[in-house]
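These notes concern the structure reproduced below.
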Amino acid sequence: CVPEPAALQAAQRFKNRTMRDKLLGAAPGALEPNVPARVGADSAKLLQDCYTPEQGPNYAFAKLLQRLRAIACGPANAIATIAPASLTQSVMHNAMVRAGILGCETFGIVPFLPETSNALMTALLVHDVRELDSSSDRRQRAFREHPMLVFQHSAVHGGTWRCAYKTSSTTKISVVAFALNKLTSPQVTAAAALAAGAFATARL
């Protein structure tokens with residue numbers, strides 16, 4: 001679940017997207033609007049799809065089982081904090097995945113260094129354990145309203161909630177953005193000139 005203000009900001013960012021993003025979004029399936037699914041017509045509960053096909057079905061199924069297990073145990077007996085996208089070894093060893101996660105910063109999604117993620121998630125774990133020991137009813141109230149709300153509090157989304165674009169529609173474009181960002185200004189100018197020439201030739 002994502003908060004309503006995050007969804008509203010994502011919609012506003014899509015409305016105000018740059019000309020560059022509009023051109024990149026012309027490709028099929030690229031830079032689609034980040035619109036969470038509303039649970040019930042009059043509900044304020046919004047479910048966002050952050051799955052990317054590159055993660056694979058096994059990863060998606062494993063994460064689903066984790067969440068179902070946490071829901072089955074109840075908020076008083078389970079902790080399930082959402083970690084940010086991180087530049088781990090498993091991510092960085094694949095050149096395409098590495099380019100994609102580094103390029104996503106172009107669209108406002110910030111990947112974390114592993115050391116930062118580890119320190120942050122450890123601090124959140126200590127906080128959540130202390131909260132369980134203090135018999136806090138915040139989790140109970142959220143759980144009674146909707147089980148998925150338990151995962152919203154203290155989730156580290158890294159910008160995906162407020163990004164203008166659906167996560168799965170940014171992955172391949174992020175690779176292109178990363179490659180372009182690596183080019184120098186003369187190279188970008190040359191690439192733009194070649195693209196313009198190719199377009200003009202196609203129009204003749």
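Chain labels run A, B, ... following the order of the structure tokens; each chain numbers its residues from 1, and ligands are numbered from 1 in the order shown.
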Would you mind listing, for every residue of stretch 93-152 of chain A within 12 Å of stretch 7-28 of chain A, the two atoms forming the shortest contact and the distance between them in Å to one decimal, using only C-alpha atoms, sorted by chain and ascending residue number, as a tab-separated table?
residue	atom	partner	partner_atom	distance
A:Thr106	CA	A:Asp21	CA	9.9
A:Phe107	CA	A:Asp21	CA	8.9
A:Gly108	CA	A:Arg13	CA	10.2
A:Ile109	CA	A:Ala10	CA	11.9
May I have the selected residues written with N, CA and C atoms, as a CSV table (one decimal), in the first residue's frame?
chain,number,residue,atom,x,y,z
A,106,THR,N,17.8,8.6,-13.1
A,106,THR,CA,17.3,9.6,-14.0
A,106,THR,C,15.8,9.9,-13.8
A,107,PHE,N,15.1,8.9,-13.3
A,107,PHE,CA,13.6,9.0,-13.1
A,107,PHE,C,13.2,9.2,-11.7
A,108,GLY,N,14.2,9.4,-10.8
A,108,GLY,CA,13.9,9.7,-9.4
A,108,GLY,C,13.9,8.5,-8.5
A,109,ILE,N,14.4,7.4,-8.9
A,109,ILE,CA,14.5,6.2,-8.0
A,109,ILE,C,15.9,6.1,-7.6
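Secondary structure of stretch 1-202 of chain A, strand (DSSP E or B) only (DSSP, backbone atoms): Val2, Pro33, Ala37, Arg38, Leu46, Leu47, Ser86, Phe112 and Tyr165 of chain A.
Among A:Phe61, A:Pro114, A:Pro75, A:Val126, the residue with the shortest atom-to-atom distance to A:Leu87, counting only C-alpha atoms, is A:Pro114.
On the backbone of this structure, DSSP gives alpha helix (DSSP H) within stretch 125-177 of chain A to Leu125, Val126, His127, Asp128, Val129, Arg130, Glu131, Leu132, Asp133, Arg138, Arg139, Gln140, Arg141, Ala142, Phe143, Arg144, Glu145, Thr171, Lys172, Ile173, Ser174, Val175, Val176 and Ala177 of chain A.
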Give me a file of those residues, with C-alpha atoms, as a short mmCIF file (atom, residue, chain, number, x, y, z; two decimals), in the first residue's frame.
data_model
loop_
_atom_site.label_atom_id
_atom_site.label_comp_id
_atom_site.auth_asym_id
_atom_site.auth_seq_id
_atom_site.Cartn_x
_atom_site.Cartn_y
_atom_site.Cartn_z
CA LEU A 125 14.61 -3.76 12.98
CA VAL A 126 15.70 -2.57 16.42
CA HIS A 127 12.92 0.04 16.36
CA ASP A 128 10.29 -2.53 15.37
CA VAL A 129 11.41 -5.04 18.01
CA ARG A 130 11.26 -2.36 20.70
CA GLU A 131 7.80 -1.39 19.44
CA LEU A 132 6.62 -5.00 19.73
CA ASP A 133 7.95 -5.15 23.29
CA ARG A 138 -0.23 1.08 15.90
CA ARG A 139 0.35 -2.16 14.01
CA GLN A 140 -2.89 -3.61 15.33
CA ARG A 141 -4.90 -0.63 14.10
CA ALA A 142 -3.25 -0.74 10.67
CA PHE A 143 -3.76 -4.49 10.42
CA ARG A 144 -7.44 -4.22 11.30
CA GLU A 145 -7.93 -1.54 8.64
CA THR A 171 13.83 -0.78 -16.47
CA LYS A 172 14.83 -0.96 -20.14
CA ILE A 173 14.70 2.81 -20.59
CA SER A 174 16.96 3.16 -17.53
CA VAL A 175 19.63 1.15 -19.34
CA VAL A 176 19.47 3.62 -22.23
CA ALA A 177 19.53 6.57 -19.82
#
Mind checking which residues fall within 12 Å of A:Pro36, counting only C-alpha atoms, ignoring those fewer than 5 positions away in the same chain, and posting them as a list in words?
Cys1, Val2, Pro3, Glu4, Pro5, Ala6, Ala7, Leu8, Gln9, Ala10, Ala11, Ala44, Lys45, Leu46, Leu47, Gln48, Asp49, Cys50, Thr160, Trp161, Arg162, Cys163, Ala164, Tyr165, Lys166 and Thr167 of chain A
Hey, which of A:Val150, A:Val39, A:Ala155, A:Ala179 ends up closest to A:Pro84? Count only C-alpha atoms.
A:Ala155
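Near stretch 156-159 of chain A, within 8 Å and counting only C-alpha atoms, sit Thr81, Ile82, Ala83, Pro84, Ala85, Gly108, Ile109, Val110, Pro111 and Phe112 of chain A, not including residues fewer than 6 positions from it in the same chain.
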Residue selection dump (N, CA, C and O atoms) as a PDB file, in the first residue's frame:
ATOM      1  N   THR A  81       9.700  -5.335   7.117  1.00  0.00           N
ATOM      2  CA  THR A  81      10.014  -3.988   6.645  1.00  0.00           C
ATOM      3  C   THR A  81      10.508  -4.046   5.210  1.00  0.00           C
ATOM      4  O   THR A  81      11.301  -4.920   4.855  1.00  0.00           O
ATOM      5  N   ILE A  82      10.020  -3.147   4.379  1.00  0.00           N
ATOM      6  CA  ILE A  82      10.384  -3.122   2.961  1.00  0.00           C
ATOM      7  C   ILE A  82      11.715  -2.399   2.798  1.00  0.00           C
ATOM      8  O   ILE A  82      11.865  -1.243   3.163  1.00  0.00           O
ATOM      9  N   ALA A  83      12.699  -3.097   2.218  1.00  0.00           N
ATOM     10  CA  ALA A  83      14.030  -2.530   2.005  1.00  0.00           C
ATOM     11  C   ALA A  83      14.097  -1.850   0.638  1.00  0.00           C
ATOM     12  O   ALA A  83      13.341  -2.181  -0.278  1.00  0.00           O
ATOM     13  N   PRO A  84      15.009  -0.895   0.485  1.00  0.00           N
ATOM     14  CA  PRO A  84      15.136  -0.204  -0.807  1.00  0.00           C
ATOM     15  C   PRO A  84      15.913  -1.037  -1.817  1.00  0.00           C
ATOM     16  O   PRO A  84      16.606  -1.998  -1.455  1.00  0.00           O
ATOM     17  N   ALA A  85      15.808  -0.672  -3.076  1.00  0.00           N
ATOM     18  CA  ALA A  85      16.670  -1.268  -4.097  1.00  0.00           C
ATOM     19  C   ALA A  85      18.118  -0.933  -3.744  1.00  0.00           C
ATOM     20  O   ALA A  85      18.434   0.209  -3.432  1.00  0.00           O
ATOM     21  N   GLY A 108      14.199   9.437 -10.801  1.00  0.00           N
ATOM     22  CA  GLY A 108      13.888   9.727  -9.400  1.00  0.00           C
ATOM     23  C   GLY A 108      13.879   8.548  -8.460  1.00  0.00           C
ATOM     24  O   GLY A 108      13.446   8.674  -7.308  1.00  0.00           O
ATOM     25  N   ILE A 109      14.357   7.388  -8.910  1.00  0.00           N
ATOM     26  CA  ILE A 109      14.450   6.213  -8.050  1.00  0.00           C
ATOM     27  C   ILE A 109      15.916   6.054  -7.639  1.00  0.00           C
ATOM     28  O   ILE A 109      16.792   5.916  -8.493  1.00  0.00           O
ATOM     29  N   VAL A 110      16.184   6.093  -6.351  1.00  0.00           N
ATOM     30  CA  VAL A 110      17.564   6.118  -5.858  1.00  0.00           C
ATOM     31  C   VAL A 110      17.938   4.761  -5.254  1.00  0.00           C
ATOM     32  O   VAL A 110      17.384   4.367  -4.221  1.00  0.00           O
ATOM     33  N   PRO A 111      18.875   4.041  -5.887  1.00  0.00           N
ATOM     34  CA  PRO A 111      19.356   2.787  -5.279  1.00  0.00           C
ATOM     35  C   PRO A 111      20.334   3.090  -4.152  1.00  0.00           C
ATOM     36  O   PRO A 111      21.088   4.066  -4.225  1.00  0.00           O
ATOM     37  N   PHE A 112      20.326   2.268  -3.122  1.00  0.00           N
ATOM     38  CA  PHE A 112      21.176   2.487  -1.951  1.00  0.00           C
ATOM     39  C   PHE A 112      22.437   1.636  -2.034  1.00  0.00           C
ATOM     40  O   PHE A 112      22.424   0.532  -2.586  1.00  0.00           O
TER      41      PHE A 112
END
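Atom pair atom CA of A:Ile101 / atom CA of A:Leu149 has a distance of 26.8 Å (rounded to one decimal).
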